[in-house]
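**Student:** Structure provided below as structure tokens; questions to follow.
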Amino acid sequence: MSENGKFLPWRAGAAPVALIVALAGGSALAQAQDDASQPVDNVIIVTGSHIARPELDVANPIVAVTAAQIEQTGRTNIVDILLRNPALTASTGSSLAGGADAAFGETGVNLLNLRNLGTQRTLVLVNGKRHVAGIANSAAVDINSIPQDLIERVDVLTGGASAIYGADGVSGVVNFVLKRNFEGLAARAQSGISSKGDAANRYFSITAGRNFADGRGNFAVSYEYNKADRLSSFARDFTGNPARYRQILQNQDDLNDDPNVPDRIPYANLTWADSSPDGAVDVDFDEIPDFTGSGLPYDRGLVLEGSNGRAVGGSNTPVAGYYGDLQPSTRRHVVNALTSYEFSPALRFYAEGKYAATRAYSVSQPSFDFFTYLQPDNAYLIDRFGAGTAPYGALVTRDNFDFGIRGETVKRETKRIVLGFDGEISDHLRYDISYVYGETKVRYRQTANLIGDRYFAALDAVRDPATGNIVCRSTLEYDGVIDPINFDGPATTFTPGTGSACRPLNILGNGVADPAALAFVLADNLSRSKISQEVVSGSVSGDLDSAFTFPGGGSFGFALGGEYRREKSRDTPDLLIQNGDFRDFEAIAPSSGRFSVKEFFAEVNAPILSHMRLAELLSLSGAVRFSDYTTIGKTTTWKLDGIYAPIPDIRFRGSYSQAVRAPNIGELFQPVSGTFSFVDDPCDVRRLNEGTQYRQANCTTILSGLGLSPSQIAGFSPAGITNLRGLASGNPNLTEETAKTWTAGVVLQPRFIRGLTLSFDWYDIKIKNAVRTPSVTELAGLCVDQPTIDNVFCQNIFRGSDGEVLGSNVGEVGFRVQPANVAAIRTAGADFTITYNFTPGDFGSFNIALVGGYLAKKTEIATPGADLDNDILEGPGLGDGFNPRWRGTLDLTWKLKGLTANYSFNYFSKTRRYTTEQLAANPDLVDPQYVWYKSLKQHDARLAYDVGDKFQFYVGVNNFTDQKPDLGELSYPISGVGRFWYAGVKLNSGKLF
């Protein structure tokens, strides 16, 4: 504050930032209750507004997570902490950042997903300013780059964000507010380990800062280190033990669909049918293995019909443990520096600098073969089975665990600089000018990949007639084709002929391959990407007090400003990937793109009545932003909101806004590249009744158009286990998506119950022309579940004359996935908080905080005129994650002198395992106990003790009831880590020197 009591914006961060009242979870709400009696000119810049105003006078609902709450969780991954917030439960925490769950190049990345509307619709800010993305071709921020102990609070705001901050905030904003003007020395060290003795986690942070020049300047620097150990799925019985790991599959005793018998039941000891770690060898070409690669008769076990290639027992590869890690190994170093210097009330310089280096490693699954052909004269084939056993050669299906399980190492460097000036032009007018530059560089390496031409050349092993040694055929004879059956093309990565580097490879047995042969056929791939962001913004804000004030003394506030933003992204796959040389990768082309946007924004706030009878506050606010993109042209976003508080104890608030999201770089510019995917065919007779009323007729139209007879259509049942080839690309014809959002709520702070705050807010978000990229199975389903097959989805599924989706043979393309503007997505629900602080005499102080959420609606209309899909309300639906109806976190904290005890209960309700269409078509689909995934019920506890004013020691346990993932799941509804213990120590020194 200046001497005349007016707001000084450069000291806003230095003021004790009590949280956005009425909204925050935890003790912040009680603090807000205490602050309610403070003078109305105690104003700060708050999330969701460019206008300085009292914290209570913001209409948009914000839930805040404080630094104390973050620390009380005992977690060192900030997304794992924010997952406790009901609005962010669909975010990508540590358990989804590795193994088979992590996308190519994204191991260790943690992303926020607000309202389960997608990471691309969640705008992440740091101190109210944009942050560079962590993934190429996207706008998604890797939260690992944000230092945990430097966080003052995290504000989660729903709706109305685009008018204030620009695009990408369709679902809302998550703003990380960092500590400012820090003075002294603070350090924290923590170590933890699971009750199984693994998944260890180490954390250390230190922050030092000092004021200078009589308090006009400040400099602070912070360093943070965190290391989490990798956790293999083999380390847990429920995922790695074949006898314990179960999946719900087609009941083999109910293939004729007896209505009194469940169609699907849990099976244990699951294996991948007709595939083995030492090879499943078919010598009579009936597609059924006759021998193992070790030479024993092949035991198929019980092959489960209608279960996508699974079996029970036998010589097959176990499913348990196959999917990779439950948690990746991660290591991060984050350095931050912050400084400011006030030359005069009219000019203050401020700057932020950050460098974050993260490294993550995880393994997923091994490379594999489907029906790889061995020539009749293959030397290893003859040696294993004799010359007469396979006169026409053999087909081998294999999971190559002995080659080395494929792993991914990702190194990510993030740099960010903020430079700015702000100050007072007059007592009623202020300005802020800033420049932000952010850059992320990523190097991601995958190991144990098979090079196609080398692999098949090495497999084609024969005896050299001159020496009797086993050699590659291509070293003896080469006609320009490596292998006419497996690889009908020339060598591209080596030179065949005498003196060739090719070494013969034996795959008939486990661990029998010559290391020299593996060195020849295997290679790492190293890909790189770079994302950069530049933002120049300027604004003036103030009030019209010099001209007039509203009844009660309220000031008309305003803000005007402009912004220029430029985004660039470049992704360069390894040259072997670009050329399509790897066996398990289709060719992926380099991608790059850029765009810029010029924006002008304005915001006003009018506290029409204040401090009057039946009008403690009546306030109206509005904002508008005009944008001009180099990609999609001009857009407009706006919002209107209001607050009415008849008395200080109760406050009503509401908002209505239009938000816009421009397609990101990848959605627009991703070049056409190859990809692989499995597909569950919706036209399979077993799935015809599991879609809309249009599915059966549309499937009949498609299949009959390909020449299938009525009897063939009636019995159509493709295998559905082949990894199909297809294409993936961006879509330059995309337009912006537009969301209409409204919120309405009430805040209660009864003066007769000091310390109690209750809030309730309803939100409703409807997105038109939403940009969506379906998976292949979704693409096939959406094609036939529309009123007609004349739709964008059917245009991208390609079938052969037998009706099956193409892509199982070299050169075939079965599908093309690309983003499209679909019709509408809608979600609605409620957020509520209850906090109560009280001090009963000499028994210490108590804080009770409940932050909850209710999801009333989550629907999608895939194309104009299509049916409403409501299955995504509670289950995985159209691939956008789970949507529990009820979510919440309860925190109980007791403080007595130096002792602090905290108990936390994190909950969300059960979710659907099957869609309503599936259950309607098959009431006996599954035993009722398996219709739902179980709810999350996680209990945490922490105990801390202060030794003097400077030291605190603490211990804690997370998930102390050791809840485990549900049947068949690796990390849902809870991580597979299990019970986790930790301990730590804190140092706080008031003065640095």
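Residues are named by chain letter and number: chains run A, B, ... in the order of the structure tokens, numbers start at 1 in each chain, and ligands are numbered from 1 in the order shown.
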So that I can check the surroundings of stretch 511-525 of chain A, please list as a PDB file with C-alpha atoms, in the first residue's frame every protein, DNA and RNA residue that reaches within 6 Å of it, counting only C-alpha atoms and ignoring chain neighbours fewer than 6 positions away.
**Tutor:**
```
ATOM      1  CA  ASP A 402      15.051 -62.204 -24.426  1.00  0.00           C
ATOM      2  CA  ARG A 445      15.288 -42.591 -26.847  1.00  0.00           C
ATOM      3  CA  GLN A 446      13.665 -45.989 -27.257  1.00  0.00           C
ATOM      4  CA  THR A 447      15.686 -49.160 -26.854  1.00  0.00           C
ATOM      5  CA  ALA A 448      15.454 -52.723 -28.193  1.00  0.00           C
ATOM      6  CA  ASN A 449      13.798 -51.860 -31.506  1.00  0.00           C
ATOM      7  CA  LEU A 450      14.091 -54.259 -34.434  1.00  0.00           C
ATOM      8  CA  ILE A 451      15.424 -52.898 -37.739  1.00  0.00           C
ATOM      9  CA  ARG A 454      18.332 -56.500 -40.770  1.00  0.00           C
ATOM     10  CA  TYR A 455      15.933 -58.576 -38.699  1.00  0.00           C
ATOM     11  CA  ARG A 503      24.763 -62.242 -38.334  1.00  0.00           C
ATOM     12  CA  PRO A 504      22.311 -65.176 -38.262  1.00  0.00           C
ATOM     13  CA  LEU A 505      19.593 -64.963 -35.626  1.00  0.00           C
ATOM     14  CA  ASP A 574      15.070 -40.610 -35.547  1.00  0.00           C
TER      15      ASP A 574
END
```
**Student:** Identify, on the basis of only C-alpha atoms, every residue whose closest approach to stretch 825-828 of chain A does not exceed 6 Å; exclude the query and any residue fewer than 2 positions from it along the same chain; express the result as a PyMOL selection string.
**Tutor:** chain A and resi 763-767+856-860
**Student:** Using the selection just defined, write its residues with C-alpha atoms as a PDB file, in the first residue's frame.
**Tutor:**
```
ATOM      1  CA  TYR A 763     -21.091 -25.022 -13.604  1.00  0.00           C
ATOM      2  CA  ASP A 764     -22.306 -25.820 -17.097  1.00  0.00           C
ATOM      3  CA  ILE A 765     -19.928 -26.011 -20.076  1.00  0.00           C
ATOM      4  CA  LYS A 766     -21.111 -26.650 -23.622  1.00  0.00           C
ATOM      5  CA  ILE A 767     -18.563 -26.863 -26.433  1.00  0.00           C
ATOM      6  CA  ALA A 856     -24.395 -34.256 -13.247  1.00  0.00           C
ATOM      7  CA  LYS A 857     -23.723 -34.475 -16.968  1.00  0.00           C
ATOM      8  CA  LYS A 858     -20.996 -35.447 -19.424  1.00  0.00           C
ATOM      9  CA  THR A 859     -22.300 -36.000 -22.945  1.00  0.00           C
ATOM     10  CA  GLU A 860     -21.138 -35.926 -26.518  1.00  0.00           C
TER      11      GLU A 860
END
```
**Student:** From the options A:Ala501, A:Leu576, A:Val536, A:Ala360, which residue's atoms come nearest to A:Gly561, counting only C-alpha atoms?
**Tutor:**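 Closest candidate: A:Val536.
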**Student:** Could you please determine the separation between atom CA of A:Val977 and atom CA of A:Arg885 in Å, to one decimal place?
**Tutor:**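 Pair atom CA of A:Val977 / atom CA of A:Arg885 returns 25.0 Å.
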**Student:** Which is closer to A:Pro328 than all the others in A:Asn378, A:Ser232, A:Thr889, A:Asn241, using only C-alpha atoms?
**Tutor:** A:Ser232
**Student:** From the set A:Asp427, A:Asp831, A:Asp168, A:Glu667, which residue has the shortest atom-to-atom contact distance to A:Arg594, counting only C-alpha atoms?
**Tutor:**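 Closest to A:Arg594 of all the choices is A:Glu667.
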**Student:** May I have the residues within 7 Å of stretch 99-107 of chain A as a list of chain:residue names, using only C-alpha atoms and disregarding those fewer than 6 positions away in the same chain?
**Tutor:**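 After dropping sequence-adjacent residues, the list is A:Tyr323, A:Gly324, A:Asp325, A:Leu326, A:Ala360, A:Tyr361, A:Ser362, A:Val363, A:Ser364, A:Glu408, A:Val410, A:Tyr444.
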**Student:** Taking C-alpha atoms for each residue, export the selection above as a PDB file, in the first residue's frame.
**Tutor:**
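Output saved as result15.pdb:
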```pdb
ATOM      1  CA  TYR A 323       2.012 -54.095 -19.966  1.00  0.00           C
ATOM      2  CA  GLY A 324       5.134 -52.568 -18.471  1.00  0.00           C
ATOM      3  CA  ASP A 325       5.761 -50.353 -15.480  1.00  0.00           C
ATOM      4  CA  LEU A 326       3.330 -49.141 -12.860  1.00  0.00           C
ATOM      5  CA  ALA A 360      12.387 -40.263 -16.982  1.00  0.00           C
ATOM      6  CA  TYR A 361      12.744 -43.921 -17.833  1.00  0.00           C
ATOM      7  CA  SER A 362      10.199 -46.689 -18.170  1.00  0.00           C
ATOM      8  CA  VAL A 363       9.759 -50.024 -19.919  1.00  0.00           C
ATOM      9  CA  SER A 364       6.573 -51.106 -21.661  1.00  0.00           C
ATOM     10  CA  GLU A 408      12.040 -45.236 -23.243  1.00  0.00           C
ATOM     11  CA  VAL A 410      13.118 -38.986 -22.028  1.00  0.00           C
ATOM     12  CA  TYR A 444      13.621 -39.266 -26.225  1.00  0.00           C
TER      13      TYR A 444
END
```
**Student:** Report as a ChimeraX atom specification: the residues of stretch 320-567 of chain A with a DSSP assignment of strand (DSSP E), based on the backbone of this structure.
**Tutor:** /A:325-327,329-344,347-363,368-374,394-399,407-426,429-450,461-463,470-472,522-543,557-567
**Student:** Identify, on the basis of only C-alpha atoms, every residue whose closest approach to A:Asp253 does not exceed 10 Å; exclude the query and any residue fewer than 5 positions from it along the same chain; express the result as JSON, numbers by chain.
**Tutor:** {"A": [258, 261, 262, 263, 264, 265]}
**Student:** Just the residues within 8 Å of A:Asn821, please, counting only C-alpha atoms, with nothing from its chain fewer than 4 positions along; format it as a VMD selection string.
**Tutor:** chain A and resid 734 to 735 737 769 to 772
**Student:** Considering only helix (DSSP H, G or I) as DSSP defines it on the backbone, what residues of stretch 448-610 of chain A qualify? List them as a PyMOL selection string.
**Tutor:** chain A and resi 452-459+473-476+515-521+575-578
**Student:** Applying 7 Å and only C-alpha atoms, which residues near A:Lys934 remain after dropping the ones on its own chain fewer than 2 positions away? List them as a list in words.
**Tutor:** Lys910, Thr911, Trp932, Leu936 and Asp966 of chain A
**Student:** Do you have, as JSON lines, the list of residues of stretch 145-199 of chain A lying at most 12 Å from stretch 636-650 of chain A, each with its nearest atom pair and that distance in Å to one decimal, counting only C-alpha atoms and ordered by chain then number?
**Tutor:**
```
{"residue": "A:Gly159", "atom": "CA", "partner": "A:Lys639", "partner_atom": "CA", "distance": 8.9}
{"residue": "A:Gly160", "atom": "CA", "partner": "A:Lys639", "partner_atom": "CA", "distance": 5.7}
{"residue": "A:Ala161", "atom": "CA", "partner": "A:Lys639", "partner_atom": "CA", "distance": 8.5}
{"residue": "A:Ser162", "atom": "CA", "partner": "A:Thr637", "partner_atom": "CA", "distance": 6.4}
{"residue": "A:Ala163", "atom": "CA", "partner": "A:Trp638", "partner_atom": "CA", "distance": 5.0}
{"residue": "A:Ile164", "atom": "CA", "partner": "A:Trp638", "partner_atom": "CA", "distance": 8.4}
{"residue": "A:Tyr165", "atom": "CA", "partner": "A:Thr637", "partner_atom": "CA", "distance": 10.2}
{"residue": "A:Gly166", "atom": "CA", "partner": "A:Thr637", "partner_atom": "CA", "distance": 8.1}
{"residue": "A:Ala167", "atom": "CA", "partner": "A:Thr637", "partner_atom": "CA", "distance": 8.9}
{"residue": "A:Asp168", "atom": "CA", "partner": "A:Thr637", "partner_atom": "CA", "distance": 11.7}
{"residue": "A:Gly169", "atom": "CA", "partner": "A:Thr637", "partner_atom": "CA", "distance": 10.9}
{"residue": "A:Val170", "atom": "CA", "partner": "A:Thr637", "partner_atom": "CA", "distance": 10.5}
```
**Student:** Using only C-alpha atoms, can you tell me which of A:Thr397, A:Asn175, A:Asn226, A:Thr76 comes closest to A:Asp274?
**Tutor:**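 Result for the nearest residue to A:Asp274: A:Thr397.
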**Student:** Which of these, A:Asp571, A:Asp785, A:Glu224, A:Glu534, has the shortest distance to A:Ile135 once you count only C-alpha atoms?
**Tutor:**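 Using only C-alpha atoms, the shortest distance to A:Ile135 belongs to A:Asp571.
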**Student:** Using Å and a single decimal, report how far atom CA of A:Leu688 sits from atom CA of A:Pro973.
**Tutor:**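 Between these atoms lies a distance of 29.6 Å.
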**Student:** Which distance in Å separates atom CA of A:Gly192 and atom CA of A:Leu890, to one decimal?
**Tutor:**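 Going from atom CA of A:Gly192 over to atom CA of A:Leu890 covers 23.1 Å.
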**Student:** Tell me, as a list of chain:residue names, which residues lie within 7 Å of stretch 300-309 of chain A, counting only C-alpha atoms; anything in the same chain fewer than 6 positions away does not count.
**Tutor:** A:Leu249, A:Gln250, A:Gln252, A:Trp272, A:Ala273, A:Asp274, A:Ser315, A:Asn316, A:Gly720, A:Ile721
